[in-house]
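*Asks:* Pasting data_15.tsv here (TSV, C-alpha atoms):
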```tsv
chain	number	residue	atom	x	y	z
B	1	MET	CA	32.68	26.83	-15.80
B	2	ASN	CA	30.16	28.43	-18.16
B	3	GLU	CA	29.86	32.20	-18.21
B	4	ALA	CA	27.40	33.96	-15.96
B	5	VAL	CA	24.68	35.81	-17.86
B	6	VAL	CA	23.15	39.15	-16.93
B	7	LEU	CA	19.86	40.12	-18.61
B	8	LEU	CA	18.64	43.71	-18.68
B	9	PRO	CA	14.94	44.43	-19.38
B	10	GLY	CA	13.94	47.35	-21.53
B	11	PHE	CA	11.90	50.51	-21.17
B	12	MET	CA	9.24	50.21	-18.43
B	13	ALA	CA	9.70	46.44	-18.11
B	14	ASP	CA	10.92	44.10	-15.41
B	15	GLY	CA	12.27	40.57	-15.20
B	16	ARG	CA	8.98	39.06	-16.38
B	17	VAL	CA	9.92	39.79	-19.99
B	18	PHE	CA	12.77	37.27	-19.67
B	19	VAL	CA	10.97	34.51	-17.77
B	20	ASP	CA	11.32	31.95	-20.58
B	21	GLN	CA	14.93	32.85	-21.32
B	22	VAL	CA	15.89	32.51	-17.65
B	23	ALA	CA	14.34	29.04	-17.59
B	24	ASP	CA	16.00	28.00	-20.85
B	25	LEU	CA	19.49	29.31	-20.03
B	26	SER	CA	19.69	28.41	-16.35
B	27	GLY	CA	20.52	24.78	-17.01
B	28	ALA	CA	23.97	25.74	-18.27
B	29	HIS	CA	24.55	29.24	-16.90
B	30	ALA	CA	24.05	31.28	-13.76
B	31	VAL	CA	21.48	33.84	-14.92
B	32	GLN	CA	20.74	37.17	-13.25
B	33	VAL	CA	18.07	39.67	-14.31
B	34	ALA	CA	19.16	43.13	-13.18
B	35	PRO	CA	16.71	46.02	-12.77
B	36	LEU	CA	17.44	49.40	-14.32
B	37	LEU	CA	17.99	51.57	-11.26
B	38	GLY	CA	19.19	55.15	-11.30
B	39	ASN	CA	18.43	58.62	-12.59
B	40	THR	CA	21.02	58.58	-15.38
B	41	LEU	CA	22.46	56.07	-17.81
B	42	GLU	CA	25.70	56.13	-15.85
B	43	GLU	CA	23.92	55.37	-12.57
B	44	MET	CA	22.04	52.49	-14.17
B	45	ALA	CA	25.29	51.00	-15.44
B	46	GLU	CA	26.99	51.35	-12.06
B	47	SER	CA	23.99	49.76	-10.32
B	48	VAL	CA	24.26	46.68	-12.54
B	49	LEU	CA	28.03	46.48	-12.13
B	50	ALA	CA	27.69	46.64	-8.35
B	51	THR	CA	25.68	43.39	-8.22
B	52	ALA	CA	27.01	41.53	-11.28
B	53	PRO	CA	29.57	38.70	-11.11
B	54	PRO	CA	33.25	39.60	-11.63
B	55	THR	CA	32.90	38.70	-15.34
B	56	PHE	CA	29.72	38.05	-17.27
B	57	ALA	CA	27.96	37.92	-20.60
B	58	ILE	CA	25.33	40.66	-20.88
B	59	ALA	CA	22.17	40.91	-22.97
B	60	GLY	CA	19.87	43.90	-22.95
B	61	HIS	CA	16.57	44.76	-24.58
B	62	ASP	CA	15.74	48.29	-25.77
B	63	LEU	CA	16.87	50.69	-23.00
B	64	GLY	CA	18.55	47.74	-21.33
B	65	ALA	CA	20.72	47.35	-24.44
B	66	THR	CA	21.85	50.95	-24.11
B	67	VAL	CA	22.77	50.27	-20.48
B	68	ALA	CA	24.60	47.10	-21.53
B	69	THR	CA	26.65	49.09	-24.04
B	70	GLU	CA	27.46	51.69	-21.40
B	71	ILE	CA	28.60	48.86	-19.12
B	72	LEU	CA	30.89	47.63	-21.88
B	73	ARG	CA	32.30	51.15	-22.24
B	74	ARG	CA	32.88	51.51	-18.49
B	75	ALA	CA	34.09	48.02	-17.62
B	76	PRO	CA	35.27	46.23	-20.78
B	77	ASN	CA	37.39	43.75	-18.81
B	78	ARG	CA	34.33	42.43	-17.00
B	79	VAL	CA	32.14	41.80	-20.08
B	80	THR	CA	32.79	38.54	-21.94
B	81	ARG	CA	30.12	38.92	-24.65
B	82	LEU	CA	27.32	41.31	-25.61
B	83	ALA	CA	23.81	40.79	-27.03
B	84	LEU	CA	21.66	43.75	-28.08
B	85	ILE	CA	17.94	43.11	-28.58
B	86	CYS	CA	15.70	45.57	-30.44
B	87	ALA	CA	18.19	48.36	-29.80
B	88	SER	CA	19.77	51.33	-31.53
B	89	ALA	CA	23.38	52.48	-31.47
B	90	GLN	CA	22.36	56.04	-32.25
B	91	GLY	CA	21.21	58.76	-29.90
B	92	GLU	CA	17.65	60.02	-29.77
B	93	THR	CA	16.91	62.43	-32.60
B	94	PRO	CA	15.87	65.97	-31.59
B	95	SER	CA	12.39	65.43	-33.03
B	96	ALA	CA	11.88	62.15	-31.16
B	97	ALA	CA	13.17	63.69	-27.93
B	98	ALA	CA	10.78	66.63	-28.32
B	99	ALA	CA	7.86	64.28	-29.03
B	100	ARG	CA	8.37	62.69	-25.62
B	101	GLU	CA	7.63	65.92	-23.78
B	102	PRO	CA	3.82	65.99	-24.22
B	103	ARG	CA	3.64	62.31	-23.29
B	104	MET	CA	5.56	63.02	-20.11
B	105	VAL	CA	3.20	65.89	-19.28
B	106	ARG	CA	0.18	63.62	-19.72
B	107	ALA	CA	1.80	60.89	-17.63
B	108	LYS	CA	2.32	63.41	-14.80
B	109	ALA	CA	-1.35	64.35	-15.12
B	110	GLY	CA	-2.46	60.79	-14.37
B	111	ARG	CA	-2.81	59.51	-17.93
B	112	LEU	CA	0.03	56.98	-17.87
B	113	GLY	CA	-2.10	54.14	-19.24
B	114	GLU	CA	-3.05	56.21	-22.28
B	115	VAL	CA	0.57	57.20	-22.85
B	116	LEU	CA	1.80	53.62	-22.60
B	117	MET	CA	-0.56	52.56	-25.39
B	118	GLU	CA	1.15	55.16	-27.58
B	119	GLU	CA	4.61	54.00	-26.51
B	120	MET	CA	3.83	50.38	-27.40
B	121	PRO	CA	1.04	50.27	-30.00
B	122	SER	CA	-0.01	46.76	-30.92
B	123	THR	CA	1.20	47.45	-34.47
B	124	THR	CA	4.82	47.29	-33.32
B	125	LEU	CA	4.29	43.62	-32.46
B	126	ALA	CA	3.91	40.81	-34.97
B	127	ASP	CA	0.37	40.14	-36.15
B	128	SER	CA	-0.72	37.07	-34.21
B	129	GLU	CA	-3.59	35.92	-32.03
B	130	TYR	CA	-1.49	36.85	-28.99
B	131	ARG	CA	-0.54	40.36	-30.13
B	132	ASN	CA	-2.95	42.31	-27.92
B	133	ALA	CA	-2.42	40.02	-24.93
B	134	ILE	CA	1.36	40.53	-25.13
B	135	ARG	CA	0.97	44.30	-25.45
B	136	ASP	CA	-1.43	44.33	-22.48
B	137	HIS	CA	1.05	42.26	-20.44
B	138	TRP	CA	3.72	44.88	-21.10
B	139	ILE	CA	1.32	47.67	-20.14
B	140	ASP	CA	0.46	45.87	-16.89
B	141	MET	CA	4.19	45.66	-16.08
B	142	ALA	CA	4.70	49.31	-16.96
B	143	MET	CA	1.76	50.43	-14.83
B	144	GLU	CA	3.26	48.56	-11.87
B	145	VAL	CA	6.65	50.14	-12.52
B	146	GLY	CA	4.88	53.49	-12.30
B	147	VAL	CA	4.88	57.05	-13.47
B	148	GLU	CA	8.08	58.16	-11.72
B	149	THR	CA	10.04	55.43	-13.48
B	150	TYR	CA	8.37	56.40	-16.76
B	151	LEU	CA	9.51	59.99	-16.37
B	152	ARG	CA	13.03	58.99	-15.29
B	153	GLN	CA	13.55	56.49	-18.10
B	154	SER	CA	12.03	58.84	-20.71
B	155	LYS	CA	14.56	61.52	-19.76
B	156	ILE	CA	17.40	59.02	-20.02
B	157	ILE	CA	16.26	58.00	-23.51
B	158	GLN	CA	15.99	61.66	-24.53
B	159	ARG	CA	19.65	62.12	-23.58
B	160	ARG	CA	20.83	58.75	-24.87
B	161	PRO	CA	24.34	59.11	-26.29
B	162	ASP	CA	25.49	57.79	-29.62
B	163	MET	CA	27.16	54.42	-28.94
B	164	GLN	CA	28.64	53.73	-32.36
B	165	LYS	CA	32.25	54.31	-31.28
B	166	VAL	CA	31.85	51.92	-28.36
B	167	LEU	CA	30.52	49.19	-30.63
B	168	ARG	CA	33.20	49.75	-33.28
B	169	ARG	CA	35.84	49.15	-30.61
B	170	ALA	CA	34.17	45.97	-29.33
B	171	ARG	CA	36.35	42.88	-29.75
B	172	LEU	CA	34.17	40.30	-28.07
B	173	PRO	CA	31.47	37.91	-29.31
B	174	CYS	CA	28.35	39.95	-30.04
B	175	MET	CA	24.86	39.31	-31.34
B	176	VAL	CA	22.20	41.73	-32.55
B	177	ILE	CA	18.67	40.32	-32.31
B	178	GLY	CA	15.44	41.83	-33.55
B	179	GLY	CA	11.92	41.13	-34.65
B	180	ALA	CA	11.02	41.30	-38.32
B	181	ALA	CA	7.77	43.16	-37.54
B	182	ASN	CA	9.33	45.77	-35.24
B	183	THR	CA	8.41	49.34	-36.21
B	184	ILE	CA	10.14	50.98	-33.22
B	185	VAL	CA	13.56	49.62	-34.20
B	186	PRO	CA	13.28	48.43	-37.83
B	187	PRO	CA	15.46	45.58	-39.10
B	188	ARG	CA	17.58	47.87	-41.26
B	189	ARG	CA	18.71	49.78	-38.15
B	190	LEU	CA	19.62	46.55	-36.38
B	191	GLU	CA	21.58	45.32	-39.40
B	192	PHE	CA	23.50	48.59	-39.49
B	193	MET	CA	24.38	48.19	-35.80
B	194	ALA	CA	25.62	44.64	-36.33
B	195	GLU	CA	27.85	45.83	-39.15
B	196	LEU	CA	29.60	48.24	-36.77
B	197	MET	CA	31.10	45.40	-34.76
B	198	ALA	CA	34.06	43.19	-35.62
B	199	CYS	CA	32.53	39.97	-34.28
B	200	ALA	CA	28.75	40.25	-34.38
B	201	GLU	CA	26.03	37.95	-35.65
B	202	TYR	CA	22.68	39.35	-36.73
B	203	VAL	CA	19.52	37.37	-36.00
B	204	LEU	CA	16.10	38.49	-37.26
B	205	LEU	CA	13.18	36.61	-35.74
B	206	ASP	CA	10.10	36.05	-37.87
B	207	GLY	CA	6.83	36.29	-36.03
B	208	ALA	CA	8.20	38.89	-33.60
B	209	GLY	CA	8.17	42.64	-33.26
B	210	HIS	CA	9.51	44.78	-30.41
B	211	LEU	CA	9.03	42.15	-27.68
B	212	PRO	CA	10.57	38.97	-29.13
B	213	MET	CA	11.22	37.55	-25.64
B	214	LEU	CA	7.44	37.27	-25.24
B	215	GLU	CA	6.34	36.88	-28.86
B	216	THR	CA	8.70	34.08	-29.89
B	217	PRO	CA	10.24	32.93	-26.59
B	218	ARG	CA	11.72	29.65	-27.86
B	219	ALA	CA	13.35	31.31	-30.86
B	220	MET	CA	14.67	34.06	-28.60
B	221	SER	CA	16.19	31.51	-26.23
B	222	ARG	CA	17.78	29.61	-29.13
B	223	ALA	CA	19.36	32.83	-30.37
B	224	LEU	CA	20.84	33.53	-26.95
B	225	GLN	CA	22.09	29.96	-26.63
B	226	SER	CA	23.80	30.36	-29.99
B	227	TRP	CA	25.29	33.69	-28.84
B	228	LEU	CA	26.75	31.99	-25.78
B	229	LYS	CA	28.58	29.56	-28.05
B	230	ILE	CA	30.20	32.12	-30.37
B	231	GLU	CA	33.98	31.78	-30.22
B	232	ALA	CA	35.97	34.81	-29.22
B	233	PRO	CA	37.96	36.29	-32.13
B	234	LEU	CA	41.48	34.86	-32.30
B	235	VAL	CA	43.00	38.05	-33.67
B	236	LEU	CA	42.19	41.44	-32.22
B	237	ARG	CA	41.69	43.99	-34.96
```
Before anything else, please render the file you have as structure tokens.

*Replies:*
Amino acid sequence: MNEAVVLLPGFMADGRVFVDQVADLSGAHAVQVAPLLGNTLEEMAESVLATAPPTFAIAGHDLGATVATEILRRAPNRVTRLALICASAQGETPSAAAAREPRMVRAKAGRLGEVLMEEMPSTTLADSEYRNAIRDHWIDMAMEVGVETYLRQSKIIQRRPDMQKVLRRARLPCMVIGGAANTIVPPRRLEFMAELMACAEYVLLDGAGHLPMLETPRAMSRALQSWLKIEAPLVLR
């Protein structure tokens, strides 16, 4: 039986970011998109674990990738493989954490839409005729998710722990996926993260930025299909 797959959306997103990947993977795998529920990273991880199959492959985007890594740390025997999309292994820098504070104040004051445009400027997506439409689709999702979720997830990102030790210990098939045009998580940071792991492939998608699931959906699905075929390492190091 093929592995079950759990997909975790990123910051202020929901399952709609993975609609094409769910369709493309469901023919061979049971696919579940899990929401990010909880007030802390630990609570988010436990929420996913509570509804996930006994063992599963997990792929997360952005904040979802951080949750996926925390799940690997907490329940390594349940995770069969790991894919990290547009993610960082490092904690939030003090300057970046401080820069979130005025955005959170404005979001509380009813200016969430304005703040979201700063969180996801169109320039962090690949230059294409669909760039603004994709950014606006993300903003529509984020507005539906709402200000309380924005504040909760922003605080979690501010306190995001460094995950490098977790990834260095990983001995399962891994893939790091990113968009060549991403300015939020540049390719060099993704390549560094891939190099931390003993069995990781690095895939950089041309024509994509921070939302490759929406910008280049077919290429994103092909990358995940390739990830699901990576052989487990024969020798644990």

*Asks:* Point out the residue among B:Gly15, B:Gly60, B:Pro187, B:Pro102 with the least atom-to-atom distance to B:Val145, counting all atoms listed in the file.

*Replies:*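 Counting all atoms listed in the file, the residue closest to B:Val145 is B:Gly15.
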
*Asks:* Stretch 198-212 of chain B: which residues within 6 Å, counting all atoms listed in the file, same-chain residues fewer than 5 positions away excluded, as JSON, numbers by chain?

*Replies:* {"B": [124, 125, 126, 173, 174, 175, 176, 177, 178, 179, 180, 181, 182]}

*Asks:* Take the residues just selected and output them with C-alpha atoms as a PDB file, in the frame of the given file.

*Replies:*
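File produced: again.pdb:
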```
ATOM      1  CA  THR B 124       4.820  47.290 -33.320  1.00  0.00           C
ATOM      2  CA  LEU B 125       4.290  43.620 -32.460  1.00  0.00           C
ATOM      3  CA  ALA B 126       3.910  40.810 -34.970  1.00  0.00           C
ATOM      4  CA  PRO B 173      31.470  37.910 -29.310  1.00  0.00           C
ATOM      5  CA  CYS B 174      28.350  39.950 -30.040  1.00  0.00           C
ATOM      6  CA  MET B 175      24.860  39.310 -31.340  1.00  0.00           C
ATOM      7  CA  VAL B 176      22.200  41.730 -32.550  1.00  0.00           C
ATOM      8  CA  ILE B 177      18.670  40.320 -32.310  1.00  0.00           C
ATOM      9  CA  GLY B 178      15.440  41.830 -33.550  1.00  0.00           C
ATOM     10  CA  GLY B 179      11.920  41.130 -34.650  1.00  0.00           C
ATOM     11  CA  ALA B 180      11.020  41.300 -38.320  1.00  0.00           C
ATOM     12  CA  ALA B 181       7.770  43.160 -37.540  1.00  0.00           C
ATOM     13  CA  ASN B 182       9.330  45.770 -35.240  1.00  0.00           C
TER      14      ASN B 182
END
```

*Asks:* So, counting only C-alpha atoms, which residue among B:Ala133, B:Ile71, B:Val105, B:Ala59 is closest to B:Ala83?

*Replies:* B:Ala59

*Asks:* Figure out the distance between atom CA of B:His137 and atom CA of B:Glu119, please, to one decimal in Å.

*Replies:*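 Atom-to-atom, atom CA of B:Glu119 to atom CA of B:His137, that is 13.7 Å.
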
*Asks:* Kindly provide, as AutoDock Vina command-line options, the centre and edge lengths (Å, one decimal) of an axis-aligned box around all atoms of stretch 159-177 of chain B given in the file, with 6 Å on each side.

*Replies:*
```
--center_x 27.5 --center_y 50.0 --center_z -28.4 --size_x 29.7 --size_y 36.2 --size_z 21.7
```

*Asks:* Can I get stretch 93-116 of chain B with N, CA, C and O atoms filled in, as a CSV table (one decimal), in the frame of the given file?

*Replies:*
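Wrote selection_23.csv, looks like this:
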```
chain,number,residue,atom,x,y,z
B,93,THR,N,16.9,61.3,-31.7
B,93,THR,CA,16.9,62.4,-32.6
B,93,THR,C,16.2,63.6,-31.9
B,93,THR,O,15.4,63.4,-31.0
B,94,PRO,N,16.5,64.8,-32.2
B,94,PRO,CA,15.9,66.0,-31.6
B,94,PRO,C,14.3,65.9,-31.7
B,94,PRO,O,13.6,66.2,-30.8
B,95,SER,N,13.9,65.5,-32.9
B,95,SER,CA,12.4,65.4,-33.0
B,95,SER,C,11.8,64.4,-32.1
B,95,SER,O,10.7,64.6,-31.5
B,96,ALA,N,12.4,63.2,-32.0
B,96,ALA,CA,11.9,62.2,-31.2
B,96,ALA,C,12.0,62.6,-29.7
B,96,ALA,O,11.0,62.3,-28.9
B,97,ALA,N,13.0,63.2,-29.3
B,97,ALA,CA,13.2,63.7,-27.9
B,97,ALA,C,12.1,64.7,-27.6
B,97,ALA,O,11.5,64.7,-26.5
B,98,ALA,N,11.8,65.6,-28.6
B,98,ALA,CA,10.8,66.6,-28.3
B,98,ALA,C,9.4,66.0,-28.2
B,98,ALA,O,8.5,66.4,-27.5
B,99,ALA,N,9.2,64.9,-29.0
B,99,ALA,CA,7.9,64.3,-29.0
B,99,ALA,C,7.6,63.6,-27.7
B,99,ALA,O,6.4,63.3,-27.4
B,100,ARG,N,8.6,63.3,-26.9
B,100,ARG,CA,8.4,62.7,-25.6
B,100,ARG,C,7.8,63.7,-24.6
B,100,ARG,O,7.1,63.3,-23.6
B,101,GLU,N,8.0,64.9,-24.8
B,101,GLU,CA,7.6,65.9,-23.8
B,101,GLU,C,6.1,65.9,-23.5
B,101,GLU,O,5.7,65.9,-22.3
B,102,PRO,N,5.3,66.0,-24.5
B,102,PRO,CA,3.8,66.0,-24.2
B,102,PRO,C,3.4,64.7,-23.6
B,102,PRO,O,2.4,64.7,-22.8
B,103,ARG,N,4.0,63.6,-23.9
B,103,ARG,CA,3.6,62.3,-23.3
B,103,ARG,C,4.0,62.3,-21.8
B,103,ARG,O,3.3,61.8,-20.9
B,104,MET,N,5.1,62.9,-21.5
B,104,MET,CA,5.6,63.0,-20.1
B,104,MET,C,4.6,63.9,-19.3
B,104,MET,O,4.3,63.6,-18.2
B,105,VAL,N,4.2,65.0,-19.9
B,105,VAL,CA,3.2,65.9,-19.3
B,105,VAL,C,1.9,65.1,-19.0
B,105,VAL,O,1.3,65.3,-17.9
B,106,ARG,N,1.4,64.4,-20.0
B,106,ARG,CA,0.2,63.6,-19.7
B,106,ARG,C,0.4,62.5,-18.7
B,106,ARG,O,-0.5,62.3,-17.9
B,107,ALA,N,1.5,61.9,-18.7
B,107,ALA,CA,1.8,60.9,-17.6
B,107,ALA,C,1.8,61.5,-16.2
B,107,ALA,O,1.2,61.0,-15.3
B,108,LYS,N,2.4,62.7,-16.1
B,108,LYS,CA,2.3,63.4,-14.8
B,108,LYS,C,0.9,63.7,-14.4
B,108,LYS,O,0.6,63.8,-13.2
B,109,ALA,N,0.0,64.0,-15.4
B,109,ALA,CA,-1.4,64.4,-15.1
B,109,ALA,C,-2.3,63.1,-14.8
B,109,ALA,O,-3.5,63.3,-14.8
B,110,GLY,N,-1.7,62.0,-14.7
B,110,GLY,CA,-2.5,60.8,-14.4
B,110,GLY,C,-2.9,60.0,-15.6
B,110,GLY,O,-3.8,59.1,-15.4
B,111,ARG,N,-2.4,60.2,-16.7
B,111,ARG,CA,-2.8,59.5,-17.9
B,111,ARG,C,-1.7,58.5,-18.4
B,111,ARG,O,-1.6,58.4,-19.6
B,112,LEU,N,-1.1,57.9,-17.5
B,112,LEU,CA,0.0,57.0,-17.9
B,112,LEU,C,-0.5,55.8,-18.8
B,112,LEU,O,0.2,55.5,-19.7
B,113,GLY,N,-1.6,55.2,-18.4
B,113,GLY,CA,-2.1,54.1,-19.2
B,113,GLY,C,-2.3,54.5,-20.7
B,113,GLY,O,-1.9,53.8,-21.6
B,114,GLU,N,-2.8,55.7,-20.9
B,114,GLU,CA,-3.0,56.2,-22.3
B,114,GLU,C,-1.7,56.4,-23.0
B,114,GLU,O,-1.6,56.1,-24.2
B,115,VAL,N,-0.8,56.9,-22.3
B,115,VAL,CA,0.6,57.2,-22.8
B,115,VAL,C,1.3,55.9,-23.2
B,115,VAL,O,1.9,55.8,-24.3
B,116,LEU,N,1.1,54.9,-22.4
B,116,LEU,CA,1.8,53.6,-22.6
B,116,LEU,C,1.3,53.0,-23.9
B,116,LEU,O,2.0,52.3,-24.6
```
